[in-house]
Amino acid sequence: MTNKIVIAELTKGTVNASTAELVSAAQAMGGDVTVVVPCTDASMADAVSGYDGVAKVIAVKSDVFAGNDSSGWASALDSAMPAGTVLFLATARSKDVAARLAARRGLSVVQDVVSIEGNNLTSPIYSGKANQTVAVNGDAVVSVRANVFSGVGSGSSNDVSVVDASGDVKTAVQDVMERASARLDVSEANIIISGGRGMGSPANFSHLEAVADTIGAAVGASRAAVDTWEEIPHSMQVGQTGKTVNPNLYIAVGISGAIQHLAGMRSSKYIVAINKDADAPIFQHADYGIVATWEEALPVFQDALSSLLG
Amino acid sequence: MNRTLLEDLIEMSTIIVLVKQVPDTNAKIAVQGGRVDLSTVKMEMSPYDGFAIETALRHKEATGGTVTALTVGGAGTEKILKDAKAMGVDNIVRVWDDSWSELDSNALQSVLKESIESLGGTAVYCGKSAADTGAGSTGPGLAERLGWANASNVIGAEFGDAVTVSMPVEAGVAKVSVPLPAVISCDKGDFKPRKANVKGIMMAKKAQVELITASAPASTVVVASHSMPAAKPAGKTFEGGSSASQVVQLLRDEANVL
């Protein structure tokens, strides 16, 4: 049973709570679990020092972790980590670093894992239209989707060792254009409300934004909406050629449920569909379906949310 | 050979774009006997590869050089190379050895590294992920093996001694200077893939696919089985807009997500 090394996920400079899910995933594979915290300040490791079921915590301190250069991340982590199977959270940056680290160590990488049985790892393929189970022989680098495993508890007091590391940064950031809206990106939201061509016009997406503001959701769109209206950017697209998401709640408004779209959101925990066509395929995947126009349903939905959460 | 010409030759960009054949993204996928059955599914170039080809062609148009489209696969994958040729790439290369079946990421990236070194590549473009596994491992993994820089999910690029790319980061969109040689993976962004014209399609028909091979280490990750995702239990359906308030209540009491 080889060592399992969990790389803590950083979100805006702090340890993401889904790191506890990675420890559960590592336990499902078996072996001692070491948590490695990439950090610019060793105190960032405090967030995981209480995790149950952890043999060791290593805070790897390096300036490279303030940036996004995957070469810098992979080389700094590699220099400070023992051998073993490595687990990352399946986010855009971490999947990149995972691939780099695997290549650096001559290992294979298995991305977007949603189920683990010993050395058998399952990931969605064709954006979730099917699952693929692979058997891993020896060490590998693995990324695990968020919201799939329940996280380990907290209450232990693990020793934290601190290692200073340097990394081989190859690219240089020249400028960052801050996101215009403070609204969440669909890839990082727990709740998503998406609109399709049934919204009638891009201006009507303001009604989705109003609901999103009430419940702290991200606003997404179907490919049909993105292709039809220039005002709806591809960064909002959920589906096989957009983003694959698995939030706790996905609200599809005026979306018929093309196979492309279903592929990107079917793994959401709960799905609400609002569509005027009772035969729309989206209803076959919805936990709660509302057969109505969005003009009728959304104001009622919004009012009920406001009085519930207000 | 005079010195200027020699320098020109040395500095000539050899741009390589990686393409992959995948099932049509609009197709239904079925599983038979524990394996995905693609016998009735149309195969096509992975959609993001079109953005990679467009970006590679613009790189060549800005700096000179050649663009080579490369795929790893059996003879059945040559159609996507012809499609790339029709869009305007100069050369098309297929890498294969009949002893290969499934290559894990370590084997595939080793094959790509050797192929790109033998072709003398100075910049490599690929889609941000392929529409089959969606893993997105090839760009960064290949860059590490070559010792090159990489940038992923790129949505815009300007070309010079380095490539300045636009890519999404936590705070928004970053402009990042990527020194060459580098591997750059492309998302749908500023560049719309050009359509093949009649001349391109005619040239593609006549074009020869260059066949090369490389050495692949044994795979340590092997596919055990495929399965369909578990079907969801039937949900509750309500008629009329006024039922939306009932649904909100259920989201709180039953689903516990609000």
# chains A, B, ... in the order shown; residues from 1 in each chain; ligands from 1

$ interface_residues --of "chain B" --to "chain A" --cutoff "6 Å" --atoms "only C-alpha atoms" --output "PyMOL selection string"
chain B and resi 105-106+131-133+135+137+140-141+144-145+149+171-178+220-229+235-241+244-245

$ residues_around --residues "Ala47 in chain A" --least-positions-apart "3" --cutoff "9 Å" --atoms "only C-alpha atoms" --output "PDB file with N, CA, C and O atoms, in the first residue's frame"
ATOM      1  N   THR A  14      -6.464  30.827   0.290  1.00  0.00           N
ATOM      2  CA  THR A  14      -6.738  30.037   1.501  1.00  0.00           C
ATOM      3  C   THR A  14      -7.084  28.612   1.092  1.00  0.00           C
ATOM      4  O   THR A  14      -7.416  28.339  -0.063  1.00  0.00           O
ATOM      5  N   VAL A  15      -7.003  27.682   2.076  1.00  0.00           N
ATOM      6  CA  VAL A  15      -7.267  26.285   1.768  1.00  0.00           C
ATOM      7  C   VAL A  15      -8.767  26.073   1.570  1.00  0.00           C
ATOM      8  O   VAL A  15      -9.576  26.410   2.436  1.00  0.00           O
ATOM      9  N   ASN A  16      -9.132  25.525   0.432  1.00  0.00           N
ATOM     10  CA  ASN A  16     -10.523  25.232   0.081  1.00  0.00           C
ATOM     11  C   ASN A  16     -11.018  24.048   0.924  1.00  0.00           C
ATOM     12  O   ASN A  16     -10.306  23.046   1.088  1.00  0.00           O
ATOM     13  N   ALA A  17     -12.255  24.165   1.425  1.00  0.00           N
ATOM     14  CA  ALA A  17     -12.800  23.128   2.315  1.00  0.00           C
ATOM     15  C   ALA A  17     -12.893  21.763   1.625  1.00  0.00           C
ATOM     16  O   ALA A  17     -12.922  20.726   2.296  1.00  0.00           O
ATOM     17  N   SER A  43       1.320  29.544   7.951  1.00  0.00           N
ATOM     18  CA  SER A  43       0.090  29.546   8.761  1.00  0.00           C
ATOM     19  C   SER A  43      -1.120  29.082   7.942  1.00  0.00           C
ATOM     20  O   SER A  43      -2.151  28.695   8.501  1.00  0.00           O
ATOM     21  N   MET A  44      -1.000  29.108   6.593  1.00  0.00           N
ATOM     22  CA  MET A  44      -2.103  28.628   5.758  1.00  0.00           C
ATOM     23  C   MET A  44      -2.381  27.144   6.010  1.00  0.00           C
ATOM     24  O   MET A  44      -3.483  26.655   5.743  1.00  0.00           O
ATOM     25  N   GLY A  50      -6.129  20.120  11.773  1.00  0.00           N
ATOM     26  CA  GLY A  50      -7.098  19.394  12.590  1.00  0.00           C
ATOM     27  C   GLY A  50      -7.748  18.204  11.891  1.00  0.00           C
ATOM     28  O   GLY A  50      -8.516  17.462  12.507  1.00  0.00           O
ATOM     29  N   TYR A  51      -7.448  18.000  10.612  1.00  0.00           N
ATOM     30  CA  TYR A  51      -8.101  16.919   9.853  1.00  0.00           C
ATOM     31  C   TYR A  51      -7.899  15.555  10.506  1.00  0.00           C
ATOM     32  O   TYR A  51      -6.793  15.209  10.920  1.00  0.00           O
TER      33      TYR A  51
END

$ residues_around --residues "Ala69 in chain B" --least-positions-apart "5" --cutoff "6 Å" --atoms "only C-alpha atoms" --output "MDAnalysis selection string"
chainID B and resid 16:18 92

$ write_last_selection --atoms "all heavy atoms" --output "PDB file, in the first residue's frame"
ATOM      1  N   ILE B  16       3.500  23.033 -34.473  1.00  0.00           N
ATOM      2  CA  ILE B  16       2.804  21.746 -34.540  1.00  0.00           C
ATOM      3  C   ILE B  16       1.473  21.862 -33.816  1.00  0.00           C
ATOM      4  O   ILE B  16       1.393  22.456 -32.727  1.00  0.00           O
ATOM      5  CB  ILE B  16       3.676  20.627 -33.929  1.00  0.00           C
ATOM      6  CG1 ILE B  16       4.934  20.464 -34.815  1.00  0.00           C
ATOM      7  CG2 ILE B  16       2.907  19.302 -33.850  1.00  0.00           C
ATOM      8  CD1 ILE B  16       5.965  19.554 -34.276  1.00  0.00           C
ATOM      9  N   VAL B  17       0.425  21.361 -34.440  1.00  0.00           N
ATOM     10  CA  VAL B  17      -0.877  21.402 -33.785  1.00  0.00           C
ATOM     11  C   VAL B  17      -1.368  19.954 -33.622  1.00  0.00           C
ATOM     12  O   VAL B  17      -1.335  19.164 -34.562  1.00  0.00           O
ATOM     13  CB  VAL B  17      -1.868  22.313 -34.552  1.00  0.00           C
ATOM     14  CG1 VAL B  17      -1.997  21.927 -36.000  1.00  0.00           C
ATOM     15  CG2 VAL B  17      -3.237  22.322 -33.877  1.00  0.00           C
ATOM     16  N   LEU B  18      -1.739  19.617 -32.382  1.00  0.00           N
ATOM     17  CA  LEU B  18      -2.174  18.250 -32.071  1.00  0.00           C
ATOM     18  C   LEU B  18      -3.673  18.138 -32.288  1.00  0.00           C
ATOM     19  O   LEU B  18      -4.433  18.980 -31.807  1.00  0.00           O
ATOM     20  CB  LEU B  18      -1.848  17.905 -30.614  1.00  0.00           C
ATOM     21  CG  LEU B  18      -0.410  18.158 -30.173  1.00  0.00           C
ATOM     22  CD1 LEU B  18      -0.244  17.779 -28.696  1.00  0.00           C
ATOM     23  CD2 LEU B  18       0.571  17.374 -31.030  1.00  0.00           C
ATOM     24  N   ILE B  92       0.818  17.099 -42.761  1.00  0.00           N
ATOM     25  CA  ILE B  92      -0.005  16.271 -41.876  1.00  0.00           C
ATOM     26  C   ILE B  92       0.730  14.982 -41.540  1.00  0.00           C
ATOM     27  O   ILE B  92       1.276  14.321 -42.421  1.00  0.00           O
ATOM     28  CB  ILE B  92      -1.399  15.989 -42.494  1.00  0.00           C
ATOM     29  CG1 ILE B  92      -1.306  15.583 -43.965  1.00  0.00           C
ATOM     30  CG2 ILE B  92      -2.296  17.220 -42.363  1.00  0.00           C
ATOM     31  CD1 ILE B  92      -2.669  15.297 -44.607  1.00  0.00           C
TER      32      ILE B  92
END

$ residues_around --residues "Ala45 in chain A" --least-positions-apart "2" --cutoff "12 Å" --atoms "only C-alpha atoms" --output "ChimeraX atom specification"
/A:7-10,13-16,19,35-43,47-51,56-61,157-163

$ atom_distance --atom1 "CA of Lys205 in chain B" --atom2 "CA of Thr77 in chain B"
14.5 Å

$ select_by_dssp --residues "range 130-232 of chain A" --states "alpha helix (DSSP H)" --output "compact mmCIF listing (two decimals) with N, CA, C and O atoms, in the first residue's frame"
# COMPACT_ATOMS: atom_id res chain seq x y z
N PHE A 205 -31.86 37.93 -19.60
CA PHE A 205 -31.01 37.26 -18.64
C PHE A 205 -30.91 38.05 -17.33
O PHE A 205 -30.49 37.51 -16.31
N SER A 206 -31.32 39.34 -17.37
CA SER A 206 -31.31 40.13 -16.13
C SER A 206 -32.23 39.52 -15.08
O SER A 206 -31.99 39.64 -13.88
N HIS A 207 -33.30 38.83 -15.55
CA HIS A 207 -34.21 38.16 -14.59
C HIS A 207 -33.50 36.99 -13.91
O HIS A 207 -33.75 36.70 -12.74
N LEU A 208 -32.62 36.31 -14.65
CA LEU A 208 -31.85 35.21 -14.05
C LEU A 208 -30.83 35.79 -13.06
O LEU A 208 -30.59 35.23 -11.99
N GLU A 209 -30.24 36.94 -13.43
CA GLU A 209 -29.25 37.57 -12.56
C GLU A 209 -29.89 37.99 -11.23
O GLU A 209 -29.26 37.88 -10.18
N ALA A 210 -31.15 38.44 -11.30
CA ALA A 210 -31.84 38.86 -10.07
C ALA A 210 -32.01 37.66 -9.13
O ALA A 210 -31.75 37.77 -7.93
N VAL A 211 -32.40 36.52 -9.68
CA VAL A 211 -32.53 35.31 -8.86
C VAL A 211 -31.15 34.91 -8.33
O VAL A 211 -30.98 34.58 -7.15
N ALA A 212 -30.14 34.98 -9.21
CA ALA A 212 -28.78 34.61 -8.82
C ALA A 212 -28.31 35.45 -7.64
O ALA A 212 -27.70 34.94 -6.70
N ASP A 213 -28.61 36.75 -7.68
CA ASP A 213 -28.18 37.63 -6.59
C ASP A 213 -28.85 37.25 -5.27
O ASP A 213 -28.26 37.36 -4.21
N THR A 214 -30.11 36.79 -5.34
CA THR A 214 -30.83 36.43 -4.12
C THR A 214 -30.24 35.19 -3.46
O THR A 214 -30.17 35.10 -2.25
N ILE A 215 -29.79 34.22 -4.27
CA ILE A 215 -29.34 32.95 -3.69
C ILE A 215 -27.85 32.72 -3.85
O ILE A 215 -27.34 31.62 -3.59
N ARG A 223 -25.67 26.20 -25.01
CA ARG A 223 -24.91 26.52 -26.22
C ARG A 223 -25.77 27.28 -27.22
O ARG A 223 -25.29 28.20 -27.88
N ALA A 224 -27.05 26.92 -27.30
CA ALA A 224 -27.94 27.62 -28.23
C ALA A 224 -27.98 29.11 -27.92
O ALA A 224 -27.93 29.95 -28.82
N ALA A 225 -28.04 29.44 -26.63
CA ALA A 225 -28.08 30.85 -26.24
C ALA A 225 -26.77 31.56 -26.58
O ALA A 225 -26.76 32.67 -27.09
N VAL A 226 -25.65 30.88 -26.29
CA VAL A 226 -24.33 31.47 -26.56
C VAL A 226 -24.12 31.66 -28.07
O VAL A 226 -23.61 32.69 -28.51
N ASP A 227 -24.56 30.67 -28.84
CA ASP A 227 -24.38 30.77 -30.30
C ASP A 227 -25.31 31.81 -30.92
O ASP A 227 -24.98 32.42 -31.93
N THR A 228 -26.49 32.01 -30.31
CA THR A 228 -27.47 32.93 -30.89
C THR A 228 -27.17 34.39 -30.55
O THR A 228 -27.35 35.26 -31.38

$ select_by_dssp --residues "range 38-229 of chain B" --states "strand (DSSP E or B)" --output "number ranges by chain"
B: 43-45, 66-72, 91-95, 123-127, 149-154, 156-159, 162-169, 172-179, 182-186, 210-212, 221-227

$ atom_distance --atom1 "CA of Ser62 in chain A" --atom2 "CA of Ala76 in chain A"
7.3 Å

$ atom_distance --atom1 "CA of Gly239 in chain A" --atom2 "CA of Ala189 in chain A"
15.3 Å

$ closest_residue --among "A:Val54, A:Ala221, A:Ala280, A:Val33" --to "Arg197 in chain A" --atoms "only C-alpha atoms"
A:Ala221
